[in-house]
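Structure file coords.cif (mmCIF, C-alpha atoms) follows.
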data_my_file
#
loop_
_atom_site.label_atom_id
_atom_site.label_comp_id
_atom_site.auth_asym_id
_atom_site.auth_seq_id
_atom_site.Cartn_x
_atom_site.Cartn_y
_atom_site.Cartn_z
CA MET S 16 145.28 119.92 50.13
CA ALA S 17 142.35 121.58 48.36
CA HIS S 18 142.20 122.77 44.76
CA GLU S 19 139.71 125.61 44.40
CA ASN S 20 137.53 126.21 41.37
CA THR S 21 134.22 127.95 40.87
CA ALA S 22 132.22 124.73 41.15
CA HIS S 23 133.67 122.82 44.10
CA SER S 24 136.80 121.87 46.08
CA ILE S 25 138.64 118.60 45.39
CA TYR S 26 140.61 117.11 48.30
CA ASP S 27 143.64 114.92 47.53
CA VAL S 28 144.41 113.80 51.12
CA VAL S 29 141.15 112.24 52.29
CA GLY S 30 141.44 108.47 51.96
CA THR S 31 145.18 108.64 51.25
CA PRO S 32 147.64 107.17 53.81
CA VAL S 33 149.83 109.85 55.40
CA ALA S 34 153.17 108.68 56.79
CA ARG S 35 154.27 109.81 60.25
CA ALA S 36 157.03 112.36 59.83
CA GLU S 37 159.36 110.56 62.25
CA GLY S 38 158.40 107.05 61.06
CA PRO S 39 161.29 106.33 58.68
CA ASP S 40 163.89 107.46 61.22
CA LYS S 41 162.34 105.32 63.95
CA VAL S 42 162.14 102.10 61.96
CA SER S 43 165.64 102.60 60.54
CA GLY S 44 167.19 103.33 63.93
CA ALA S 45 168.26 106.84 62.95
CA HIS S 46 165.85 108.58 65.38
CA LEU S 47 167.90 110.26 68.11
CA TYR S 48 167.00 109.72 71.76
CA PRO S 49 168.93 111.37 74.64
CA ALA S 50 170.67 108.09 75.47
CA ASP S 51 172.01 108.07 71.88
CA VAL S 52 173.62 111.53 72.07
CA ARG S 53 177.40 111.50 72.35
CA LEU S 54 179.38 114.68 73.07
CA PRO S 55 183.19 115.06 73.16
CA GLY S 56 184.57 114.31 76.62
CA MET S 57 181.17 113.26 77.94
CA ALA S 58 181.01 111.87 81.49
CA PHE S 59 178.38 109.58 82.97
CA GLY S 60 176.31 110.38 86.04
CA LYS S 61 174.76 108.07 88.62
CA VAL S 62 172.87 108.78 91.84
CA LEU S 63 172.85 107.23 95.29
CA ARG S 64 169.30 106.78 96.59
CA SER S 65 167.87 106.56 100.08
CA PRO S 66 167.02 103.12 101.50
CA PHE S 67 164.71 104.74 104.08
CA PRO S 68 161.28 106.36 103.63
CA HIS S 69 161.90 109.04 106.25
CA ALA S 70 165.22 109.83 107.92
CA ARG S 71 167.53 112.64 108.90
CA ILE S 72 170.88 112.74 107.13
CA ALA S 73 173.39 112.83 109.97
CA SER S 74 176.46 112.82 107.72
CA ILE S 75 177.71 112.02 104.23
CA ASP S 76 181.32 110.99 103.63
CA THR S 77 182.25 111.14 99.94
CA SER S 78 186.05 111.08 100.38
CA LYS S 79 186.52 107.48 99.19
CA ALA S 80 184.36 108.02 96.13
CA LYS S 81 186.33 111.14 95.18
CA ARG S 82 189.60 109.20 95.33
CA LEU S 83 188.42 106.43 93.00
CA PRO S 84 190.32 106.65 89.68
CA GLY S 85 188.02 107.83 86.91
CA VAL S 86 185.68 109.83 89.17
CA LEU S 87 185.36 113.43 87.98
CA ALA S 88 182.84 114.95 90.39
CA VAL S 89 180.76 114.14 93.45
CA VAL S 90 177.87 116.33 94.65
CA THR S 91 175.47 116.21 97.60
CA GLY S 92 172.54 118.30 98.77
CA GLN S 93 175.00 120.68 100.44
CA ASP S 94 176.16 121.71 96.97
CA LEU S 95 172.59 122.65 95.99
CA LEU S 96 171.25 124.14 99.21
CA GLY S 97 167.97 125.97 98.75
CA VAL S 98 167.46 124.88 95.13
CA ARG S 99 163.89 123.78 94.46
CA VAL S 100 162.39 122.69 91.14
CA GLY S 101 158.96 121.65 89.94
CA ARG S 102 156.55 121.84 87.03
CA PHE S 103 154.12 123.99 89.01
CA LEU S 104 154.80 123.61 92.74
CA ARG S 105 158.53 124.11 93.27
CA ASP S 106 159.13 121.86 96.28
CA VAL S 107 161.62 119.26 94.97
CA PRO S 108 165.28 119.49 96.04
CA PRO S 109 167.53 118.00 93.32
CA LEU S 110 169.39 116.14 96.09
CA ALA S 111 168.15 115.62 99.64
CA GLU S 112 169.49 118.21 102.04
CA ASP S 113 168.74 117.62 105.72
CA LYS S 114 166.51 114.58 105.36
CA VAL S 115 165.03 112.02 102.96
CA ARG S 116 161.30 111.66 102.48
CA PHE S 117 160.87 108.46 100.43
CA VAL S 118 162.72 105.29 99.51
CA GLY S 119 164.60 106.16 96.34
CA GLU S 120 165.16 109.86 96.99
CA LYS S 121 168.44 111.11 95.51
CA VAL S 122 171.10 111.70 98.19
CA ALA S 123 174.36 112.07 96.26
CA ALA S 124 175.54 111.95 92.66
CA VAL S 125 178.75 110.98 90.90
CA ALA S 126 180.16 111.73 87.44
CA ALA S 127 182.84 109.44 86.06
CA ILE S 128 184.53 108.55 82.77
CA ASP S 129 182.58 105.29 82.68
CA PRO S 130 179.12 104.27 83.97
CA ASP S 131 180.57 101.27 85.82
CA ILE S 132 183.09 103.45 87.64
CA ALA S 133 180.26 105.81 88.64
CA GLU S 134 178.29 102.86 90.02
CA GLU S 135 181.35 101.66 91.97
CA ALA S 136 181.83 105.15 93.41
CA LEU S 137 178.30 105.14 94.79
CA ILE S 138 179.14 102.11 96.91
CA LEU S 139 182.02 104.07 98.46
CA ILE S 140 179.79 106.91 99.69
CA ASP S 141 179.04 106.50 103.39
CA VAL S 142 175.74 108.01 104.56
CA GLU S 143 174.65 107.94 108.19
CA TYR S 144 170.87 108.17 108.68
CA GLU S 145 168.68 108.72 111.72
CA GLU S 146 165.36 107.05 110.96
CA LEU S 147 162.14 109.01 111.52
CA PRO S 148 158.52 107.85 111.82
CA ALA S 149 156.98 107.51 108.37
CA VAL S 150 153.40 107.76 107.14
CA PHE S 151 152.22 106.06 103.96
CA ASP S 152 148.44 106.15 104.16
CA PRO S 153 146.86 109.33 102.72
CA ILE S 154 144.10 109.36 105.34
CA GLU S 155 146.45 108.85 108.27
CA THR S 156 148.75 111.62 107.05
CA MET S 157 145.89 114.13 107.47
CA GLU S 158 145.28 113.24 111.13
CA PRO S 159 146.56 115.44 113.99
CA GLY S 160 149.86 114.15 115.29
CA ALA S 161 150.88 112.47 112.00
CA PRO S 162 154.63 112.74 111.24
CA ALA S 163 155.33 116.04 109.47
CA ILE S 164 156.83 115.21 106.10
CA HIS S 165 157.73 118.81 105.27
CA ASP S 166 158.36 120.13 108.76
CA GLY S 167 159.17 123.69 109.75
CA SER S 168 156.09 125.28 108.09
CA PRO S 169 157.71 125.65 104.66
CA SER S 170 156.35 127.85 101.88
CA TYR S 171 156.99 126.97 98.25
CA ASP S 172 156.92 128.98 95.05
CA SER S 173 154.39 128.39 92.29
CA PRO S 174 153.18 130.43 89.31
CA SER S 175 150.02 131.24 91.28
CA GLY S 176 151.94 132.48 94.34
CA GLN S 177 153.36 131.05 97.53
CA VAL S 178 151.94 127.72 98.70
CA THR S 179 152.09 126.89 102.41
CA PRO S 180 150.97 123.31 103.16
CA ASP S 181 148.54 122.83 106.06
CA GLY S 182 150.41 120.10 107.88
CA ASN S 183 150.65 117.32 105.32
CA VAL S 184 147.78 118.69 103.23
CA VAL S 185 149.26 120.38 100.18
CA TYR S 186 146.02 121.73 98.76
CA HIS S 187 142.25 121.51 99.22
CA ASP S 188 139.67 122.20 96.49
CA SER S 189 135.91 122.35 96.96
CA TRP S 190 132.97 122.43 94.52
CA SER S 191 129.27 122.55 95.35
CA GLY S 192 125.85 123.11 93.85
CA GLY S 193 122.25 123.13 95.05
CA ASP S 194 121.55 122.50 98.74
CA ILE S 195 123.38 119.42 100.00
CA GLU S 196 121.62 119.25 103.40
CA LEU S 197 118.16 119.64 101.91
CA GLY S 198 119.04 117.14 99.18
CA PHE S 199 119.80 114.41 101.70
CA LYS S 200 116.68 115.24 103.72
CA GLU S 201 114.56 114.83 100.59
CA SER S 202 116.25 111.55 99.59
CA ASP S 203 114.42 108.26 100.06
CA LEU S 204 117.57 106.14 100.30
CA VAL S 205 121.21 106.95 101.13
CA PHE S 206 124.23 104.90 100.05
CA GLU S 207 127.88 105.39 101.03
CA HIS S 208 130.95 103.54 99.75
CA THR S 209 134.71 104.04 99.87
CA PHE S 210 137.06 103.12 97.02
CA THR S 211 140.83 102.99 96.73
CA THR S 212 143.04 103.07 93.65
CA PRO S 213 146.77 102.20 93.49
CA TRP S 214 149.91 103.62 91.93
CA VAL S 215 150.20 103.00 88.18
CA HIS S 216 153.47 103.61 86.33
CA GLN S 217 153.08 105.04 82.83
CA GLY S 218 154.94 102.04 81.42
CA TYR S 219 156.92 103.82 78.71
CA MET S 220 159.70 101.65 77.28
CA GLU S 221 162.33 104.41 77.28
CA ALA S 222 163.44 105.45 80.76
CA TYR S 223 164.21 109.05 81.70
CA SER S 224 167.53 110.26 80.28
CA CYS S 225 169.30 113.56 79.82
CA ILE S 226 172.58 115.26 78.99
CA VAL S 227 173.67 118.65 80.33
CA ASP S 228 176.62 120.68 79.08
CA VAL S 229 177.78 123.97 80.63
CA ASP S 230 180.26 126.07 78.66
CA ASP S 231 182.86 128.48 80.02
CA SER S 232 180.42 131.39 79.92
CA GLY S 233 177.83 129.47 81.95
CA ARG S 234 175.47 128.84 79.06
CA VAL S 235 173.58 125.58 79.53
CA GLN S 236 172.71 123.06 76.82
CA VAL S 237 170.23 120.31 77.67
CA TRP S 238 169.18 117.19 75.78
CA ALA S 239 166.26 115.42 77.46
CA ASN S 240 163.29 113.21 76.62
CA ASN S 241 160.94 115.85 77.97
CA LYS S 242 157.63 116.64 76.28
CA GLN S 243 157.64 120.26 77.50
CA PRO S 244 161.04 121.72 76.51
CA PHE S 245 160.03 125.30 77.30
CA MET S 246 158.67 124.25 80.69
CA LEU S 247 161.86 122.29 81.38
CA ARG S 248 163.89 125.39 80.57
CA ARG S 249 161.71 127.40 82.96
CA GLN S 250 162.08 124.79 85.72
CA LEU S 251 165.84 124.73 85.40
CA ALA S 252 166.25 128.50 85.11
CA SER S 253 163.93 129.34 88.01
CA GLY S 254 165.35 126.63 90.24
CA LEU S 255 168.99 127.53 89.63
CA GLY S 256 168.47 131.28 89.44
CA LEU S 257 169.52 131.56 85.78
CA PRO S 258 168.08 133.78 83.04
CA GLU S 259 165.94 131.63 80.72
CA GLU S 260 167.92 132.83 77.70
CA GLN S 261 171.00 131.20 79.24
CA VAL S 262 169.39 127.75 78.97
CA THR S 263 168.79 125.92 75.68
CA VAL S 264 166.79 122.69 75.61
CA ASN S 265 167.44 120.59 72.51
CA PRO S 266 164.37 118.41 71.78
CA THR S 267 165.12 114.75 71.15
CA GLY S 268 163.06 111.63 70.61
CA ILE S 269 160.70 110.45 73.35
CA GLY S 270 160.18 106.71 73.64
CA GLY S 271 156.73 106.91 75.19
CA ASP S 272 155.34 109.48 77.59
CA PHE S 273 151.65 109.00 78.48
CA GLY S 274 151.85 112.13 80.63
CA GLY S 275 154.91 111.06 82.61
CA LYS S 276 157.80 112.93 81.00
CA ALA S 277 157.47 116.58 81.91
CA GLY S 278 159.35 116.81 85.21
CA ALA S 279 162.97 117.93 85.49
CA MET S 280 163.96 114.55 86.99
CA ASN S 281 167.81 114.30 86.80
CA VAL S 282 168.49 117.45 84.77
CA PRO S 283 169.37 119.71 87.77
CA VAL S 284 171.71 117.02 89.13
CA ALA S 285 173.37 116.59 85.75
CA HIS S 286 173.82 120.37 85.64
CA ALA S 287 175.60 120.33 89.02
CA LEU S 288 177.86 117.47 87.91
CA ALA S 289 178.63 119.19 84.60
CA GLN S 290 179.56 122.40 86.39
CA LYS S 291 181.84 120.60 88.83
CA SER S 292 183.49 118.25 86.33
CA GLY S 293 183.80 120.72 83.47
CA ARG S 294 182.37 118.11 81.10
CA PRO S 295 178.98 117.31 79.59
CA VAL S 296 177.24 114.71 81.77
CA GLN S 297 174.78 112.07 80.64
CA MET S 298 172.36 110.41 83.08
CA VAL S 299 170.14 107.46 82.11
CA MET S 300 167.81 105.94 84.68
CA SER S 301 167.48 102.18 85.00
CA TYR S 302 164.01 100.69 85.08
CA ILE S 303 164.56 99.83 88.74
CA GLU S 304 165.01 103.56 89.33
CA GLU S 305 161.94 104.32 87.23
CA LEU S 306 159.74 102.07 89.33
CA MET S 307 161.09 103.25 92.68
CA ALA S 308 161.51 106.95 91.95
CA GLY S 309 159.61 107.87 88.80
CA ASN S 310 156.34 109.80 88.93
CA PRO S 311 153.42 107.36 88.70
CA ARG S 312 149.68 108.03 88.80
CA HIS S 313 148.37 109.20 92.17
CA PRO S 314 146.74 106.58 94.39
CA SER S 315 143.48 107.75 95.91
CA VAL S 316 140.91 107.13 98.62
CA ILE S 317 137.46 108.25 97.50
CA THR S 318 134.32 108.20 99.65
CA ILE S 319 131.00 108.89 97.94
CA LYS S 320 127.67 109.32 99.74
CA THR S 321 124.61 109.53 97.50
CA GLY S 322 120.97 110.28 98.23
CA MET S 323 118.48 108.56 95.89
CA LYS S 324 114.82 108.89 95.06
CA ASN S 325 112.82 105.64 94.96
CA ASP S 326 112.34 106.06 91.21
CA GLY S 327 116.12 105.87 90.65
CA ARG S 328 116.96 109.57 90.43
CA PHE S 329 120.16 110.87 92.03
CA TRP S 330 119.19 113.60 94.45
CA ALA S 331 122.25 114.44 96.57
CA ARG S 332 125.93 113.57 96.60
CA GLN S 333 128.80 114.24 98.95
CA ALA S 334 132.24 113.17 97.76
CA ARG S 335 135.60 113.24 99.52
CA VAL S 336 138.60 112.61 97.27
CA VAL S 337 142.06 112.23 98.81
CA TYR S 338 145.03 111.93 96.46
CA ASN S 339 148.29 110.45 97.73
CA GLY S 340 150.84 112.86 96.28
CA GLY S 341 153.89 111.17 97.74
CA ALA S 342 156.82 113.09 99.21
CA TYR S 343 156.81 116.01 96.73
CA GLY S 344 154.40 117.82 94.41
CA GLY S 345 156.76 119.15 91.75
CA PHE S 346 156.06 116.38 89.23
CA ARG S 347 152.42 117.44 88.85
CA GLY S 348 151.37 120.16 86.43
CA SER S 349 149.02 121.68 89.04
CA LEU S 350 148.56 121.97 92.80
CA ASN S 351 145.71 119.45 92.84
CA LEU S 352 144.04 117.17 90.29
CA ASN S 353 140.89 118.68 88.80
CA GLY S 354 139.77 115.22 87.71
CA SER S 355 138.27 114.90 91.18
CA ARG S 356 135.33 116.99 89.94
CA GLN S 357 134.10 113.82 88.22
CA ALA S 358 133.27 112.46 91.68
CA GLY S 359 130.33 114.85 91.85
CA GLY S 360 128.43 112.80 89.31
CA GLY S 361 130.38 112.76 86.08
CA PRO S 362 127.82 112.33 83.29
CA TYR S 363 124.92 111.99 85.74
CA ARG S 364 122.59 114.76 86.85
CA VAL S 365 122.90 115.35 90.59
CA PRO S 366 121.06 118.53 91.63
CA ASN S 367 122.65 118.84 95.07
CA PHE S 368 126.34 118.08 95.54
CA GLN S 369 129.47 118.85 97.53
CA ILE S 370 132.96 117.70 96.47
CA ASP S 371 136.07 118.10 98.61
CA SER S 372 139.38 117.15 97.04
CA TYR S 373 142.65 116.94 98.96
CA MET S 374 146.25 116.53 97.83
CA VAL S 375 148.47 115.23 100.62
CA TYR S 376 152.12 114.48 101.30
CA THR S 377 153.14 110.95 102.33
CA ASN S 378 156.47 109.13 102.53
CA ASN S 379 155.84 107.45 99.19
CA VAL S 380 157.25 107.99 95.73
CA PRO S 381 156.26 111.45 94.38
CA CYS S 382 153.47 111.17 91.84
CA GLY S 383 152.95 112.95 88.54
CA SER S 384 150.70 112.96 85.51
CA TYR S 385 149.26 110.01 83.65
CA ARG S 386 146.56 110.74 81.04
CA ALA S 387 143.61 112.75 82.37
CA PRO S 388 145.19 113.41 85.79
CA GLY S 389 142.84 112.44 88.60
CA GLU S 390 139.94 111.41 86.37
CA PRO S 391 140.39 107.61 86.10
CA GLN S 392 140.41 107.40 89.90
CA ALA S 393 137.21 109.44 90.26
CA VAL S 394 135.41 107.79 87.35
CA PHE S 395 136.23 104.33 88.70
CA ALA S 396 134.73 105.30 92.05
CA VAL S 397 131.61 106.91 90.57
CA GLU S 398 130.83 104.02 88.21
CA SER S 399 131.49 101.38 90.88
CA HIS S 400 129.30 103.30 93.32
CA THR S 401 126.56 103.58 90.68
CA ASP S 402 126.67 99.84 89.96
CA MET S 403 126.44 99.03 93.66
CA ILE S 404 123.46 101.35 94.12
CA ALA S 405 121.70 99.83 91.11
CA ALA S 406 122.29 96.32 92.45
CA GLU S 407 120.94 97.19 95.90
CA MET S 408 117.91 98.97 94.48
CA GLY S 409 117.28 96.26 91.90
CA ILE S 410 117.22 98.70 88.97
#

With the file now loaded, output its structure as structure tokens.
Amino acid sequence: MAHENTAHSIYDVVGTPVARAEGPDKVSGAHLYPADVRLPGMAFGKVLRSPFPHARIASIDTSKAKRLPGVLAVVTGQDLLGVRVGRFLRDVPPLAEDKVRFVGEKVAAVAAIDPDIAEEALILIDVEYEELPAVFDPIETMEPGAPAIHDGSPSYDSPSGQVTPDGNVVYHDSWSGGDIELGFKESDLVFEHTFTTPWVHQGYMEAYSCIVDVDDSGRVQVWANNKQPFMLRRQLASGLGLPEEQVTVNPTGIGGDFGGKAGAMNVPVAHALAQKSGRPVQMVMSYIEELMAGNPRHPSVITIKTGMKNDGRFWARQARVVYNGGAYGGFRGSLNLNGSRQAGGGPYRVPNFQIDSYMVYTNNVPCGSYRAPGEPQAVFAVESHTDMIAAEMGI
């Protein structure tokens, strides 16, 4: 705060500790997270997940689960046919419909008066699968003849228009500058290396959780640990065909995010269970579920070819960045990861360059955002490549 006078301004805040607004509530235990919310008559939701990375769903028998005392609702993909959600690319079915595409995909969901009863009901659901060939490697999935993960030439909605994957390639970006062919011709030395990076979970302590309540008029109330409440409302409304003004997202505490808590996750499923049971439904993921079906950082395969002058100057660079997006793209905030641009040189001057960045489907866990999406992968590759060149050239 500044106090103005004709001579100068005096600031009272600089050098003075400022308490975090939510600090007292957090240290006292009063801060409200979605798992802490309790509504009258609230039911508890659980999901049955696929044990296979790629399989057709031949049949689902939920009759035994429905008869279990305390079970209020059971839903499958047939109850949500055609529904697709996503932060940007809307390609995620809330529950698998005709087939599953990764180990951990949601196949059916149960709402019960008690979490233990809901878990017991899951055991009573009988699913018959027909296994399909699976592909896990992001390079292999791009090859002709690779198993089609999203078969039937689908087209998905996005804010920038319809997106039609090219086989298993979701999106391809390209950047260039200078003359790449001439640059390599003029280079004295050429180096080429390939780097891989793995999945990395965001590691937040609080797992995904949500509550959905649907009143008699169809108005939807949501409590979720989601960092983008307006985007969550848009995802839910667009996916379910509801007017946005019919959906209210009530912000609650978030126990860590690091980029990972922006997807709809279980909210559409909780909505279906709430509609069918006539009660508010709470869903809290276990950490086993987080690690098998969350939205970790994208693995990558990055190949960098660099032309050098004898005096140590970079003269040409060709980079190919392939991100393993997993089975779906709806957990990302974009079609591709612009961090791949760092593979062109990052902070280094490279007068002639060509970067090709691919986002591909595989039968792995769908990936999402984790601090500077796509950049840590590219920077790791560029700096490792630079170190290797320096070592070989003795500079």

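Counting from atom CA of S:Ser189, the distance to atom CA of S:Ser202 is 22.6 Å.
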
note = In terms of only C-alpha atoms, the residue from S:Ala124, S:Cys382, S:Val365, S:Val397 at minimal distance from S:Asn351 is S:Cys382

query = Which one is closest to S:Arg248: S:Gly192, S:Gly101, S:Pro68, S:Gly56? Count all atoms listed in the file.
reply = S:Gly101

ask   = Pick from S:Ala396, S:Val28, S:Val100, S:Val205: nearest to S:Gly278, with all atoms listed in the file counted?
value =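 Looking only at the distances to S:Gly278, the closest residue turns out to be S:Val100.
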
Counting only C-alpha atoms, note down every residue that has an atom within 9 Å of the point (117.7, 111.9, 90.9) (file coordinates), as a compact mmCIF listing (two decimals) with C-alpha atoms, in the frame of the given file.
# COMPACT_ATOMS: atom_id res chain seq x y z
CA SER S 202 116.25 111.55 99.59
CA GLY S 322 120.97 110.28 98.23
CA MET S 323 118.48 108.56 95.89
CA LYS S 324 114.82 108.89 95.06
CA ASN S 325 112.82 105.64 94.96
CA ASP S 326 112.34 106.06 91.21
CA GLY S 327 116.12 105.87 90.65
CA ARG S 328 116.96 109.57 90.43
CA PHE S 329 120.16 110.87 92.03
CA TRP S 330 119.19 113.60 94.45
CA ALA S 331 122.25 114.44 96.57
CA TYR S 363 124.92 111.99 85.74
CA ARG S 364 122.59 114.76 86.85
CA VAL S 365 122.90 115.35 90.59
CA PRO S 366 121.06 118.53 91.63

ask   = Exactly which residues make up the result of the PyMOL selection byres ((chain S and resi 310-320) around 9) on this file, given as an NGL selection string?
value = :S and (153-154 or 205-217 or 275-276 or 278 or 305-309 or 321-322 or 331-341 or 346-347 or 358-359 or 380-386 or 388-389 or 392-393 or 396-397 or 400)

Shortest interatomic distance to S:Ile269 - which of S:Tyr219, S:Phe245, S:Tyr373, S:Tyr302, counting all atoms listed in the file = S:Tyr219

Computed interatomic separation between atom CA of S:Ala70 and atom CA of S:Glu143 (Å) = 9.6 Å

ask   = Applied to the shown file, which residues does the PyMOL selection byres ((chain S and resi 83) around 9) return, written as a list in words?
value = Lys79, Ala80, Lys81, Arg82, Pro84, Gly85, Val86, Ile132, Glu135, Ala136 and Leu139 of chain S

Write the residues you've just listed into a file as a compact mmCIF listing (two decimals), keeping the file's coordinate frame, and include C-alpha atoms for each of them.
# COMPACT_ATOMS: atom_id res chain seq x y z
CA LYS S 79 186.52 107.48 99.19
CA ALA S 80 184.36 108.02 96.13
CA LYS S 81 186.33 111.14 95.18
CA ARG S 82 189.60 109.20 95.33
CA PRO S 84 190.32 106.65 89.68
CA GLY S 85 188.02 107.83 86.91
CA VAL S 86 185.68 109.83 89.17
CA ILE S 132 183.09 103.45 87.64
CA GLU S 135 181.35 101.66 91.97
CA ALA S 136 181.83 105.15 93.41
CA LEU S 139 182.02 104.07 98.46

Point-to-point distance in Å for atom CA of S:Ala279 and atom CA of S:Leu247 =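 These two atoms are separated by 6.1 Å.
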
Resolved residues for the PyMOL selection byres ((chain S and resi 47) around 12) as a list of chain:residue names =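 In the shown coordinates, the PyMOL selection byres ((chain S and resi 47) around 12) covers S:Glu37, S:Asp40, S:Lys41, S:Val42, S:Ser43, S:Gly44, S:Ala45, S:His46, S:Tyr48, S:Pro49, S:Ala50, S:Asp51, S:Val52, S:Arg53, S:Trp238, S:Ala239, S:Asn240, S:Asn265, S:Pro266, S:Thr267, S:Gly268, S:Ile269, S:Gly270.
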
query = Counting all atoms listed in the file, what is within 7 Å of S:Phe103, bar same-chain residues fewer than 5 positions away, as a ChimeraX atom specification?
reply = /S:173-174,345,347-349

request  = Counting all atoms listed in the file, figure out which residue out of S:Asp76, S:Gly160, S:Phe368, S:Met403 gets nearest to S:Asp194.
outcome  = S:Phe368

query = Out of S:Pro295, S:Phe199, S:Arg102, S:Ile404, which residue has the shortest atom-to-atom distance to S:Asp231 when counting all atoms listed in the file?
reply = S:Pro295
